[in-house]
$ cat run-v3.pdb   # PDB, C-alpha atoms
ATOM      1  CA  MET A 114    -190.373-144.928   0.010
ATOM      2  CA  GLY A 115    -191.726-146.112   3.368
ATOM      3  CA  VAL A 116    -189.560-147.076   6.308
ATOM      4  CA  GLU A 117    -190.141-150.786   5.672
ATOM      5  CA  GLN A 118    -188.998-150.461   2.065
ATOM      6  CA  LEU A 119    -185.984-148.441   3.186
ATOM      7  CA  VAL A 120    -185.002-151.182   5.597
ATOM      8  CA  ARG A 121    -185.287-153.832   2.889
ATOM      9  CA  ALA A 122    -183.210-151.748   0.457
ATOM     10  CA  ALA A 123    -180.615-150.982   3.149
ATOM     11  CA  GLN A 124    -180.394-154.694   3.898
ATOM     12  CA  ARG A 125    -179.527-155.226   0.226
ATOM     13  CA  GLY A 126    -176.684-152.732   0.669
ATOM     14  CA  ASP A 127    -178.171-149.827  -1.296
ATOM     15  CA  PRO A 128    -176.162-146.785  -0.066
ATOM     16  CA  ALA A 129    -178.894-144.320  -1.069
ATOM     17  CA  ALA A 130    -181.395-146.261   1.026
ATOM     18  CA  MET A 131    -178.919-146.457   3.898
ATOM     19  CA  ASP A 132    -178.571-142.682   3.852
ATOM     20  CA  ALA A 133    -182.333-142.228   3.550
ATOM     21  CA  LEU A 134    -182.836-144.481   6.563
ATOM     22  CA  VAL A 135    -180.386-142.338   8.541
ATOM     23  CA  ARG A 136    -182.315-139.197   7.585
ATOM     24  CA  ALA A 137    -185.645-140.785   8.518
ATOM     25  CA  LEU A 138    -184.399-141.924  11.915
ATOM     26  CA  ALA A 139    -182.291-138.871  12.733
ATOM     27  CA  PRO A 140    -184.927-136.835  14.659
ATOM     28  CA  TYR A 141    -185.780-139.781  16.885
ATOM     29  CA  VAL A 142    -182.184-140.871  17.503
ATOM     30  CA  GLY A 143    -181.211-137.232  18.061
ATOM     31  CA  ARG A 144    -183.712-136.952  20.912
ATOM     32  CA  ILE A 145    -182.395-140.047  22.664
ATOM     33  CA  CYS A 146    -178.696-139.302  22.169
ATOM     34  CA  GLY A 147    -179.012-135.601  22.978
ATOM     35  CA  ALA A 148    -180.814-136.122  26.263
ATOM     36  CA  ILE A 149    -178.584-138.959  27.463
ATOM     37  CA  ALA A 150    -175.148-138.110  26.074
ATOM     38  CA  LEU A 151    -175.528-134.295  26.228
ATOM     39  CA  GLU A 152    -172.420-132.655  24.730
ATOM     40  CA  ARG A 153    -171.345-136.011  23.303
ATOM     41  CA  GLY A 154    -174.757-136.535  21.737
ATOM     42  CA  ASP A 155    -173.554-135.945  18.176
ATOM     43  CA  ASP A 156    -170.818-138.569  18.568
ATOM     44  CA  ALA A 157    -173.313-141.011  20.082
ATOM     45  CA  MET A 158    -175.658-140.391  17.164
ATOM     46  CA  GLN A 159    -172.938-141.146  14.631
ATOM     47  CA  GLU A 160    -171.957-144.357  16.435
ATOM     48  CA  THR A 161    -175.624-145.355  16.676
ATOM     49  CA  PHE A 162    -176.107-145.143  12.930
ATOM     50  CA  ILE A 163    -172.873-147.012  12.224
ATOM     51  CA  ALA A 164    -174.105-149.820  14.490
ATOM     52  CA  VAL A 165    -177.572-149.727  12.917
ATOM     53  CA  LEU A 166    -176.302-149.986   9.334
ATOM     54  CA  ARG A 167    -173.651-152.604  10.127
ATOM     55  CA  ASN A 168    -176.281-154.827  11.679
ATOM     56  CA  VAL A 169    -179.386-153.992   9.689
ATOM     57  CA  ARG A 170    -179.287-157.333   7.869
ATOM     58  CA  ALA A 171    -179.945-159.022  11.206
ATOM     59  CA  LEU A 172    -183.259-157.216  11.555
ATOM     60  CA  ARG A 173    -185.725-159.835  10.351
ATOM     61  CA  GLU A 174    -188.883-157.825  10.811
ATOM     62  CA  PRO A 175    -188.769-154.174   9.673
ATOM     63  CA  ALA A 176    -191.743-153.425  11.943
ATOM     64  CA  ALA A 177    -189.376-153.978  14.870
ATOM     65  CA  LEU A 178    -187.055-151.235  13.607
ATOM     66  CA  HIS A 179    -188.102-148.604  16.111
ATOM     67  CA  GLY A 180    -187.480-150.697  19.242
ATOM     68  CA  TRP A 181    -184.264-152.102  17.798
ATOM     69  CA  VAL A 182    -182.862-148.652  16.998
ATOM     70  CA  ARG A 183    -183.953-147.350  20.404
ATOM     71  CA  ARG A 184    -181.965-150.062  22.146
ATOM     72  CA  ILE A 185    -178.838-149.296  20.105
ATOM     73  CA  ALA A 186    -179.185-145.536  20.590
ATOM     74  CA  VAL A 187    -179.545-145.826  24.370
ATOM     75  CA  ARG A 188    -176.528-148.140  24.546
ATOM     76  CA  GLU A 189    -174.348-145.850  22.443
ATOM     77  CA  ALA A 190    -175.503-142.723  24.275
ATOM     78  CA  VAL A 191    -174.787-144.178  27.716
ATOM     79  CA  ARG A 192    -171.426-145.404  26.460
ATOM     80  CA  ALA A 193    -170.535-141.987  25.034
ATOM     81  CA  ALA A 194    -171.597-140.226  28.204
ATOM     82  CA  SER A 195    -169.865-142.559  30.625
ATOM     83  CA  GLY A 196    -167.220-140.741  32.561
ATOM     84  CA  THR A 197    -168.420-137.351  31.392
ATOM     85  CA  ALA A 198    -171.258-136.886  33.862
ATOM     86  CA  THR A 199    -170.748-135.144  37.159
ATOM     87  CA  PRO A 200    -173.620-136.598  39.173
ATOM     88  CA  PHE A 201    -174.163-135.639  42.748
ATOM     89  CA  PRO A 202    -172.923-138.457  44.991
ATOM     90  CA  ALA A 203    -175.624-140.685  46.427
ATOM     91  CA  GLY A 204    -177.172-139.187  49.542
ATOM     92  CA  VAL A 205    -175.776-135.731  48.856
ATOM     93  CA  GLU A 206    -178.265-133.030  48.029
ATOM     94  CA  PRO A 207    -177.494-130.697  45.119
ATOM     95  CA  PRO A 208    -176.392-127.263  46.318
ATOM     96  CA  PRO A 209    -179.160-124.682  46.694
ATOM     97  CA  LEU A 210    -179.744-122.481  43.709
ATOM     98  CA  ASP A 211    -178.344-119.016  43.633
ATOM     99  CA  PRO A 212    -181.187-116.556  42.845
ATOM    100  CA  VAL A 213    -179.258-115.180  39.867
ATOM    101  CA  ASP A 214    -178.976-118.708  38.521
ATOM    102  CA  VAL A 215    -182.695-119.059  37.911
ATOM    103  CA  ALA A 216    -182.378-118.840  34.146
ATOM    104  CA  SER A 217    -179.867-121.641  33.948
ATOM    105  CA  ALA A 218    -181.830-123.648  36.493
ATOM    106  CA  LEU A 219    -184.685-123.657  34.015
ATOM    107  CA  ASP A 220    -182.384-125.120  31.455
ATOM    108  CA  VAL A 221    -183.175-128.798  31.233
ATOM    109  CA  ARG A 222    -179.593-129.462  30.254
ATOM    110  CA  THR A 223    -178.399-128.183  33.618
ATOM    111  CA  VAL A 224    -180.537-130.706  35.435
ATOM    112  CA  LEU A 225    -179.721-133.547  33.088
ATOM    113  CA  ALA A 226    -176.018-132.891  33.492
ATOM    114  CA  SER A 227    -176.362-133.461  37.233
ATOM    115  CA  LEU A 228    -177.598-137.003  36.634
ATOM    116  CA  ALA A 229    -175.657-140.136  35.758
ATOM    117  CA  PRO A 230    -176.097-141.319  32.138
ATOM    118  CA  GLU A 231    -178.027-144.390  33.330
ATOM    119  CA  HIS A 232    -180.527-142.140  35.121
ATOM    120  CA  ARG A 233    -180.875-139.933  32.079
ATOM    121  CA  ALA A 234    -181.585-143.040  29.997
ATOM    122  CA  VAL A 235    -184.456-144.023  32.286
ATOM    123  CA  LEU A 236    -185.869-140.518  32.199
ATOM    124  CA  VAL A 237    -185.656-140.291  28.424
ATOM    125  CA  LEU A 238    -187.278-143.664  27.798
ATOM    126  CA  ARG A 239    -190.062-143.071  30.334
ATOM    127  CA  ASP A 240    -190.847-139.386  29.926
ATOM    128  CA  ILE A 241    -189.649-138.641  26.398
ATOM    129  CA  ASP A 242    -190.340-141.938  24.657
ATOM    130  CA  GLY A 243    -193.410-142.781  26.745
ATOM    131  CA  LEU A 244    -192.416-146.379  27.587
ATOM    132  CA  SER A 245    -193.812-148.173  30.629
ATOM    133  CA  GLU A 246    -191.452-148.949  33.478
ATOM    134  CA  ARG A 247    -191.494-152.598  32.441
ATOM    135  CA  GLU A 248    -190.586-151.674  28.861
ATOM    136  CA  VAL A 249    -187.788-149.401  30.085
ATOM    137  CA  ALA A 250    -186.439-152.290  32.157
ATOM    138  CA  GLY A 251    -186.480-154.466  29.045
ATOM    139  CA  VAL A 252    -184.578-151.936  26.954
ATOM    140  CA  LEU A 253    -181.913-151.355  29.604
ATOM    141  CA  GLY A 254    -181.695-154.947  30.794
ATOM    142  CA  VAL A 255    -182.226-154.039  34.444
ATOM    143  CA  PRO A 256    -184.910-155.036  36.983
ATOM    144  CA  GLU A 257    -188.110-152.984  37.049
ATOM    145  CA  GLY A 258    -187.303-151.954  40.620
ATOM    146  CA  THR A 259    -184.081-150.374  39.430
ATOM    147  CA  VAL A 260    -186.018-148.406  36.841
ATOM    148  CA  LYS A 261    -188.420-147.166  39.538
ATOM    149  CA  SER A 262    -185.618-146.019  41.835
ATOM    150  CA  ARG A 263    -183.651-144.340  39.027
ATOM    151  CA  LEU A 264    -186.792-142.621  37.817
ATOM    152  CA  HIS A 265    -187.574-141.397  41.302
ATOM    153  CA  ARG A 266    -184.113-139.932  41.720
ATOM    154  CA  ALA A 267    -184.144-138.327  38.286
ATOM    155  CA  ARG A 268    -187.526-136.725  38.808
ATOM    156  CA  ALA A 269    -186.533-135.603  42.302
ATOM    157  CA  ALA A 270    -183.544-133.816  40.805
ATOM    158  CA  PHE A 271    -185.840-131.931  38.461
ATOM    159  CA  ALA A 272    -188.216-131.082  41.300
ATOM    160  CA  ARG A 273    -185.412-129.780  43.486
ATOM    161  CA  ARG A 274    -183.908-127.751  40.707
ATOM    162  CA  TRP A 275    -187.203-126.263  39.679
ATOM    163  CA  GLY A 276    -188.230-125.588  43.247
ATOM    164  CA  GLN A 277    -191.377-127.689  43.018
TER     165      GLN A 277
ATOM    166  CA  MET B 188    -186.033-127.035  20.325
ATOM    167  CA  THR B 189    -189.122-129.008  19.405
ATOM    168  CA  VAL B 190    -188.494-131.943  17.145
ATOM    169  CA  PRO B 191    -191.122-132.770  14.515
ATOM    170  CA  PRO B 192    -192.420-136.332  14.499
ATOM    171  CA  THR B 193    -190.586-138.737  12.244
ATOM    172  CA  PRO B 194    -192.707-140.414   9.558
ATOM    173  CA  GLY B 195    -193.317-143.987  10.588
ATOM    174  CA  MET B 196    -192.205-143.330  14.127
ATOM    175  CA  PRO B 197    -194.299-142.926  17.273
ATOM    176  CA  PRO B 198    -195.509-139.401  18.010
ATOM    177  CA  GLY B 199    -193.656-137.135  20.372
ATOM    178  CA  PRO B 200    -193.494-137.805  24.072
ATOM    179  CA  PRO B 201    -196.246-137.166  26.547
ATOM    180  CA  GLY B 202    -195.739-134.927  29.555
ATOM    181  CA  HIS B 203    -192.770-132.673  28.934
ATOM    182  CA  GLY B 204    -193.290-132.991  25.203
ATOM    183  CA  GLY B 205    -189.561-133.003  24.772
ATOM    184  CA  ARG B 206    -189.540-129.240  24.830
ATOM    185  CA  GLY B 207    -186.221-127.854  25.991
ATOM    186  CA  TRP B 208    -184.471-131.217  26.021
ATOM    187  CA  PRO B 209    -181.088-131.315  24.305
ATOM    188  CA  VAL B 210    -181.255-132.813  20.818
ATOM    189  CA  ALA B 211    -178.219-134.276  19.055
ATOM    190  CA  SER B 212    -177.700-133.845  15.346
ATOM    191  CA  LEU B 213    -175.748-135.420  12.523
ATOM    192  CA  ASP B 214    -174.215-132.895  10.164
ATOM    193  CA  PRO B 215    -173.392-133.707   6.517
ATOM    194  CA  ILE B 216    -169.910-134.935   7.385
ATOM    195  CA  GLY B 217    -171.350-137.138  10.125
ATOM    196  CA  ARG B 218    -173.698-138.693   7.561
ATOM    197  CA  ALA B 219    -170.778-139.269   5.213
ATOM    198  CA  ARG B 220    -168.702-140.864   7.971
ATOM    199  CA  VAL B 221    -171.563-143.262   8.708
ATOM    200  CA  LEU B 222    -171.575-144.390   5.073
ATOM    201  CA  ALA B 223    -167.781-144.631   4.998
ATOM    202  CA  ALA B 224    -167.912-146.967   7.981
ATOM    203  CA  THR B 225    -170.595-149.205   6.557
ATOM    204  CA  VAL B 226    -170.304-149.355   2.753
ATOM    205  CA  PRO B 227    -168.012-152.112   1.399
ATOM    206  CA  SER B 228    -164.662-150.945  -0.034
ATOM    207  CA  ALA B 229    -165.253-147.302   1.004
ATOM    208  CA  ALA B 230    -162.155-145.117   0.683
ATOM    209  CA  TRP B 231    -162.324-141.625   2.058
ATOM    210  CA  THR B 232    -160.396-138.556   3.020
ATOM    211  CA  GLU B 233    -161.306-135.612   5.200
ATOM    212  CA  GLY B 234    -159.623-132.285   5.700
ATOM    213  CA  VAL B 235    -159.961-128.534   5.810
ATOM    214  CA  LEU B 236    -159.919-126.461   2.635
ATOM    215  CA  ASP B 237    -158.611-122.939   2.898
ATOM    216  CA  ALA B 238    -161.656-121.360   1.262
ATOM    217  CA  PRO B 239    -165.000-120.060   2.545
ATOM    218  CA  TYR B 240    -167.738-122.646   2.881
ATOM    219  CA  ASP B 241    -170.298-120.792   0.750
ATOM    220  CA  ALA B 242    -167.908-120.334  -2.174
ATOM    221  CA  THR B 243    -166.584-123.877  -1.893
ATOM    222  CA  TRP B 244    -169.951-125.586  -1.848
ATOM    223  CA  ALA B 245    -171.327-123.362  -4.597
ATOM    224  CA  TRP B 246    -168.367-124.376  -6.754
ATOM    225  CA  VAL B 247    -168.588-128.082  -5.898
ATOM    226  CA  SER B 248    -172.369-128.131  -6.496
ATOM    227  CA  ASP B 249    -171.803-127.127 -10.111
ATOM    228  CA  LEU B 250    -170.979-130.735 -10.899
ATOM    229  CA  GLU B 251    -170.565-130.268 -14.653
ATOM    230  CA  ARG B 252    -167.750-127.817 -14.047
ATOM    231  CA  SER B 253    -166.235-129.018 -10.777
ATOM    232  CA  VAL B 254    -165.993-132.810 -11.073
ATOM    233  CA  PRO B 255    -163.878-132.985 -14.273
ATOM    234  CA  LEU B 256    -161.516-130.404 -12.758
ATOM    235  CA  PHE B 257    -160.768-132.163  -9.472
ATOM    236  CA  ASP B 258    -161.360-135.798 -10.480
ATOM    237  CA  THR B 259    -158.848-136.623 -13.187
ATOM    238  CA  ASP B 260    -160.614-139.966 -13.872
ATOM    239  CA  VAL B 261    -163.682-138.063 -15.106
ATOM    240  CA  ARG B 262    -163.212-136.377 -18.446
ATOM    241  CA  ARG B 263    -166.713-134.963 -18.761
ATOM    242  CA  LEU B 264    -169.937-134.788 -16.738
ATOM    243  CA  ARG B 265    -173.323-133.777 -18.098
ATOM    244  CA  VAL B 266    -176.580-133.216 -16.207
ATOM    245  CA  THR B 267    -179.341-134.905 -18.201
ATOM    246  CA  SER B 268    -182.305-134.245 -15.904
ATOM    247  CA  ARG B 269    -183.090-132.475 -12.655
ATOM    248  CA  SER B 270    -186.025-132.276 -10.251
ATOM    249  CA  ASP B 271    -186.573-130.408  -7.015
ATOM    250  CA  GLU B 272    -187.590-132.214  -3.868
ATOM    251  CA  ALA B 273    -188.476-130.630  -0.547
ATOM    252  CA  ASP B 274    -184.995-130.952   0.884
ATOM    253  CA  ALA B 275    -182.779-131.805  -2.075
ATOM    254  CA  LEU B 276    -182.138-131.516  -5.769
ATOM    255  CA  ARG B 277    -182.304-134.818  -7.651
ATOM    256  CA  LEU B 278    -180.150-135.072 -10.755
ATOM    257  CA  ARG B 279    -179.413-137.672 -13.372
ATOM    258  CA  VAL B 280    -175.887-137.144 -14.680
ATOM    259  CA  VAL B 281    -173.636-138.985 -17.088
ATOM    260  CA  ALA B 282    -169.946-139.022 -16.188
ATOM    261  CA  THR B 283    -167.512-140.084 -18.863
ATOM    262  CA  SER B 284    -164.626-141.978 -17.318
ATOM    263  CA  PHE B 285    -161.935-143.778 -19.367
ATOM    264  CA  GLY B 286    -164.131-143.227 -22.423
ATOM    265  CA  ILE B 287    -167.127-144.958 -20.867
ATOM    266  CA  PRO B 288    -170.296-142.951 -20.138
ATOM    267  CA  VAL B 289    -171.619-143.920 -16.700
ATOM    268  CA  PRO B 290    -175.063-142.677 -15.601
ATOM    269  CA  PHE B 291    -175.467-141.627 -11.959
ATOM    270  CA  ASP B 292    -178.446-140.735  -9.759
ATOM    271  CA  VAL B 293    -177.493-137.741  -7.624
ATOM    272  CA  ARG B 294    -178.962-136.344  -4.429
ATOM    273  CA  LEU B 295    -177.629-132.833  -3.872
ATOM    274  CA  GLU B 296    -178.234-130.858  -0.679
ATOM    275  CA  ASP B 297    -176.512-127.970   1.029
ATOM    276  CA  GLY B 298    -173.270-129.597   2.177
ATOM    277  CA  PHE B 299    -174.050-133.114   0.985
ATOM    278  CA  CYS B 300    -173.879-134.875  -2.366
ATOM    279  CA  LEU B 301    -174.483-138.578  -2.947
ATOM    280  CA  MET B 302    -173.816-139.914  -6.451
ATOM    281  CA  ARG B 303    -174.776-143.523  -7.039
ATOM    282  CA  ALA B 304    -174.143-145.184 -10.374
ATOM    283  CA  VAL B 305    -177.443-146.332 -11.820
ATOM    284  CA  ALA B 306    -175.889-149.777 -12.263
ATOM    285  CA  ARG B 307    -175.013-149.573  -8.521
ATOM    286  CA  ILE B 308    -171.381-150.361  -9.197
ATOM    287  CA  PHE B 309    -169.932-147.082  -7.947
ATOM    288  CA  LEU B 310    -170.649-144.556  -5.232
ATOM    289  CA  VAL B 311    -169.312-141.064  -4.624
ATOM    290  CA  VAL B 312    -170.116-138.996  -1.535
ATOM    291  CA  MET B 313    -169.012-135.430  -0.904
ATOM    292  CA  ALA B 314    -169.850-133.546   2.278
ATOM    293  CA  ALA B 315    -168.849-130.193   3.712
ATOM    294  CA  VAL B 316    -169.469-128.044   6.773
ATOM    295  CA  PRO B 317    -168.262-124.528   7.642
ATOM    296  CA  GLU B 318    -165.079-124.295   9.674
ATOM    297  CA  ASP B 319    -163.792-121.218  11.515
ATOM    298  CA  GLY B 320    -167.110-119.419  11.233
ATOM    299  CA  GLY B 321    -167.435-120.236   7.551
ATOM    300  CA  GLN B 322    -164.055-118.807   6.533
ATOM    301  CA  ARG B 323    -162.778-122.297   5.808
ATOM    302  CA  THR B 324    -164.420-125.574   4.840
ATOM    303  CA  ARG B 325    -164.187-129.042   6.330
ATOM    304  CA  PHE B 326    -164.564-131.386   3.388
ATOM    305  CA  PHE B 327    -165.133-135.133   3.177
ATOM    306  CA  HIS B 328    -164.732-137.122  -0.011
ATOM    307  CA  MET B 329    -165.527-140.806  -0.391
ATOM    308  CA  GLU B 330    -165.643-143.329  -3.199
ATOM    309  CA  ALA B 331    -166.715-146.957  -3.066
ATOM    310  CA  VAL B 332    -167.724-149.961  -5.072
ATOM    311  CA  PRO B 333    -170.744-150.776  -2.890
ATOM    312  CA  LEU B 334    -170.850-154.485  -3.608
ATOM    313  CA  PRO B 335    -169.864-157.450  -1.433
ATOM    314  CA  GLY B 336    -166.349-158.783  -1.953
ATOM    315  CA  THR B 337    -164.856-155.550  -3.246
ATOM    316  CA  ALA B 338    -162.460-154.817  -0.392
ATOM    317  CA  SER B 339    -159.493-155.383  -2.714
ATOM    318  CA  VAL B 340    -160.266-152.218  -4.716
ATOM    319  CA  ARG B 341    -160.108-150.025  -1.639
ATOM    320  CA  ARG B 342    -156.395-149.213  -1.995
ATOM    321  CA  ARG B 343    -156.900-148.050  -5.568
ATOM    322  CA  LEU B 344    -159.879-145.931  -4.491
ATOM    323  CA  GLN B 345    -157.890-144.483  -1.595
ATOM    324  CA  ARG B 346    -155.255-143.168  -3.981
ATOM    325  CA  ALA B 347    -158.009-141.677  -6.132
ATOM    326  CA  VAL B 348    -159.779-139.806  -3.309
ATOM    327  CA  GLU B 349    -156.476-138.479  -1.988
ATOM    328  CA  ALA B 350    -155.548-137.207  -5.444
ATOM    329  CA  ASP B 351    -158.992-135.613  -5.766
ATOM    330  CA  PHE B 352    -158.606-133.916  -2.396
ATOM    331  CA  ALA B 353    -155.187-132.548  -3.345
ATOM    332  CA  ASN B 354    -156.696-131.108  -6.512
ATOM    333  CA  LEU B 355    -159.558-129.600  -4.516
ATOM    334  CA  SER B 356    -157.109-128.006  -2.095
ATOM    335  CA  ARG B 357    -155.268-126.331  -4.960
ATOM    336  CA  ILE B 358    -158.493-125.131  -6.572
ATOM    337  CA  ALA B 359    -159.916-123.891  -3.263
ATOM    338  CA  ALA B 360    -156.952-121.591  -2.799
ATOM    339  CA  ASP B 361    -158.279-119.505  -5.714
ATOM    340  CA  LEU B 362    -161.952-119.447  -4.696
TER     341      LEU B 362
END

$ encode --input "run-v3.pdb" --output "structure tokens"
Amino acid sequence: MGVEQLVRAAQRGDPAAMDALVRALAPYVGRICGAIALERGDDAMQETFIAVLRNVRALREPAALHGWVRRIAVREAVRAASGTATPFPAGVEPPPLDPVDVASALDVRTVLASLAPEHRAVLVLRDIDGLSEREVAGVLGVPEGTVKSRLHRARAAFARRWGQ
Amino acid sequence: MTVPPTPGMPPGPPGHGGRGWPVASLDPIGRARVLAATVPSAAWTEGVLDAPYDATWAWVSDLERSVPLFDTDVRRLRVTSRSDEADALRLRVVATSFGIPVPFDVRLEDGFCLMRAVARIFLVVMAAVPEDGGQRTRFFHMEAVPLPGTASVRRRLQRAVEADFANLSRIAADL
């Protein structure tokens, strides 16, 4: 059964189709929630699918599924991560890396954890999902300039951490 | 961890390719919780069984033997057909409840079982994950009448799933 058929069946309340839709979307939602919500990614993923299935009847055009789910996943992931991040305060440089910490510095998670959830969301949508800056702004409901500045800071954090 | 592309979804990301990025996952109990939160009238219970995961799921997966033992509303269950899919076993079973034979379509995976009445009037979901390194089993059991306007049956279903779970707990002690 294709994704469009799954959506139609899920909209009719077929539990098997609802579960199949979850399985079909899980890899994509897992990427978004994992990169934004980090250790709370699994919780964010669960909440994303609850929101998706509760509201799937409102999705008029199944072809719009991907963008619709993306928006919900980003919202739930940022919500789950809020208050859990330990970003470096604005204007404060991250501490220099200890030479013995090189292995962990290469861990993407280490860098992501140093960013605020909103910055991680921009990075994920732009560099993982391949959206344009304008599209990212649309998903997050922020001005394009905000996306540019968040993206710059997020990428700068990676560059600093990786010594580029 | 590199994530394979999802059918019907855009291909993986450019640039970093997603390699090394943290990826969240939804385990079988997470999937069951999602259904419990979204299917009308869903009644569910979740707890830890004092039995190893492998033994517990192997026992539960033998539906002909296990279901009539822990679900007192089911007198008999027979598997009438089975087919292998890439990631699951698909079964057609007939459960006899209160003297009435009810056919179900079943999707059975490691740690997850979804039984939907062919007439779509009843749904059973069982899910399990290892706990304490596999020495115990977190188990989730749900029943529902997945039709609009059925919220009033939820209390009756809640009593049923709690009774089933109590039976499972007793049986698990001997696994």

$ residues_around --input "run-v3.pdb" --residues "Val260 of chain A" --least-positions-apart "4" --cutoff "8 Å" --atoms "only C-alpha atoms" --output "PyMOL selection string"
chain A and resi 235+246+249-250+255-256+264

$ residues_near_point --input "run-v3.pdb" --point "(-194.9, -142.9, 33.8)" --cutoff "12 Å" --atoms "only C-alpha atoms" --output "list of chain:residue names"
A:Val235, A:Leu236, A:Val237, A:Leu238, A:Arg239, A:Asp240, A:Ile241, A:Asp242, A:Gly243, A:Leu244, A:Ser245, A:Glu246, A:Arg247, A:Glu248, A:Val249, A:Val260, A:Lys261, A:Leu264, A:His265, A:Arg268, B:Pro200, B:Pro201, B:Gly202, B:His203

$ residues_around --input "run-v3.pdb" --residues "Thr232 of chain B" --least-positions-apart "4" --cutoff "10 Å" --atoms "all atoms listed in the file" --output "ChimeraX atom specification"
/B:220,223,313,326-330,345-352

$ resolve_selection --input "run-v3.pdb" --expression "the PyMOL selection byres ((chain A) within 10 of (chain B))" --output "MDAnalysis selection string"
chainID A and resid 115:117 125:129 131:132 135:168 176 178:179 219:222 225 237:244

$ residues_near_point --input "run-v3.pdb" --point "(-168.1, -125.2, 7.2)" --cutoff "10 Å" --atoms "all atoms listed in the file" --output "JSON, numbers by chain"
{"B": [216, 235, 236, 238, 239, 240, 241, 243, 244, 298, 314, 315, 316, 317, 318, 319, 320, 321, 322, 323, 324, 325, 326]}

$ residues_around --input "run-v3.pdb" --residues "segment 279-288 of chain B" --least-positions-apart "6" --cutoff "6 Å" --atoms "only C-alpha atoms" --output "list in words"
Asp260, Val261, Arg262, Arg263, Leu264, Arg265, Val266, Thr267 and Ser268 of chain B

$ closest_residue --input "run-v3.pdb" --among "A:Ser227, A:His232, A:Val252, A:Ala123" --to "Val182 of chain A" --atoms "only C-alpha atoms"
A:Val252

$ closest_residue --input "run-v3.pdb" --among "B:Thr259, B:Ala242, B:Ile308, B:Arg252" --to "Thr337 of chain B" --atoms "all atoms listed in the file"
B:Ile308

$ decode --input "run-v3.pdb" --residues "segment 326-337 of chain B" --atoms "N, CA, C and O atoms" --output "PDB file, in the first residue's frame"
ATOM      1  N   PHE B 326       5.729  -4.931  29.311  1.00  0.00           N
ATOM      2  CA  PHE B 326       4.649  -5.430  28.457  1.00  0.00           C
ATOM      3  C   PHE B 326       3.509  -4.416  28.402  1.00  0.00           C
ATOM      4  O   PHE B 326       3.164  -3.788  29.404  1.00  0.00           O
ATOM      5  N   PHE B 327       2.944  -4.281  27.224  1.00  0.00           N
ATOM      6  CA  PHE B 327       1.834  -3.348  26.990  1.00  0.00           C
ATOM      7  C   PHE B 327       0.700  -4.122  26.332  1.00  0.00           C
ATOM      8  O   PHE B 327       0.914  -4.857  25.370  1.00  0.00           O
ATOM      9  N   HIS B 328      -0.482  -3.978  26.883  1.00  0.00           N
ATOM     10  CA  HIS B 328      -1.633  -4.702  26.337  1.00  0.00           C
ATOM     11  C   HIS B 328      -2.789  -3.725  26.146  1.00  0.00           C
ATOM     12  O   HIS B 328      -3.105  -2.951  27.056  1.00  0.00           O
ATOM     13  N   MET B 329      -3.369  -3.757  24.964  1.00  0.00           N
ATOM     14  CA  MET B 329      -4.430  -2.792  24.639  1.00  0.00           C
ATOM     15  C   MET B 329      -5.559  -3.487  23.895  1.00  0.00           C
ATOM     16  O   MET B 329      -5.333  -4.395  23.102  1.00  0.00           O
ATOM     17  N   GLU B 330      -6.776  -3.067  24.197  1.00  0.00           N
ATOM     18  CA  GLU B 330      -7.933  -3.522  23.433  1.00  0.00           C
ATOM     19  C   GLU B 330      -8.788  -2.304  23.102  1.00  0.00           C
ATOM     20  O   GLU B 330      -8.820  -1.332  23.869  1.00  0.00           O
ATOM     21  N   ALA B 331      -9.477  -2.371  21.985  1.00  0.00           N
ATOM     22  CA  ALA B 331     -10.311  -1.236  21.574  1.00  0.00           C
ATOM     23  C   ALA B 331     -11.394  -1.702  20.625  1.00  0.00           C
ATOM     24  O   ALA B 331     -11.254  -2.721  19.946  1.00  0.00           O
ATOM     25  N   VAL B 332     -12.452  -0.930  20.598  1.00  0.00           N
ATOM     26  CA  VAL B 332     -13.457  -1.036  19.544  1.00  0.00           C
ATOM     27  C   VAL B 332     -13.216   0.194  18.673  1.00  0.00           C
ATOM     28  O   VAL B 332     -13.641   1.303  19.030  1.00  0.00           O
ATOM     29  N   PRO B 333     -12.455   0.024  17.579  1.00  0.00           N
ATOM     30  CA  PRO B 333     -11.934   1.198  16.853  1.00  0.00           C
ATOM     31  C   PRO B 333     -12.955   1.847  15.935  1.00  0.00           C
ATOM     32  O   PRO B 333     -12.738   1.998  14.733  1.00  0.00           O
ATOM     33  N   LEU B 334     -14.085   2.217  16.516  1.00  0.00           N
ATOM     34  CA  LEU B 334     -15.148   2.852  15.747  1.00  0.00           C
ATOM     35  C   LEU B 334     -15.564   4.131  16.464  1.00  0.00           C
ATOM     36  O   LEU B 334     -15.486   4.203  17.698  1.00  0.00           O
ATOM     37  N   PRO B 335     -16.022   5.130  15.724  1.00  0.00           N
ATOM     38  CA  PRO B 335     -16.456   6.372  16.374  1.00  0.00           C
ATOM     39  C   PRO B 335     -17.622   6.105  17.325  1.00  0.00           C
ATOM     40  O   PRO B 335     -18.447   5.214  17.083  1.00  0.00           O
ATOM     41  N   GLY B 336     -17.680   6.856  18.407  1.00  0.00           N
ATOM     42  CA  GLY B 336     -18.811   6.757  19.324  1.00  0.00           C
ATOM     43  C   GLY B 336     -18.787   5.558  20.238  1.00  0.00           C
ATOM     44  O   GLY B 336     -19.833   5.120  20.730  1.00  0.00           O
ATOM     45  N   THR B 337     -17.609   4.992  20.462  1.00  0.00           N
ATOM     46  CA  THR B 337     -17.526   3.782  21.285  1.00  0.00           C
ATOM     47  C   THR B 337     -16.874   4.039  22.644  1.00  0.00           C
ATOM     48  O   THR B 337     -16.494   3.091  23.337  1.00  0.00           O
TER      49      THR B 337
END
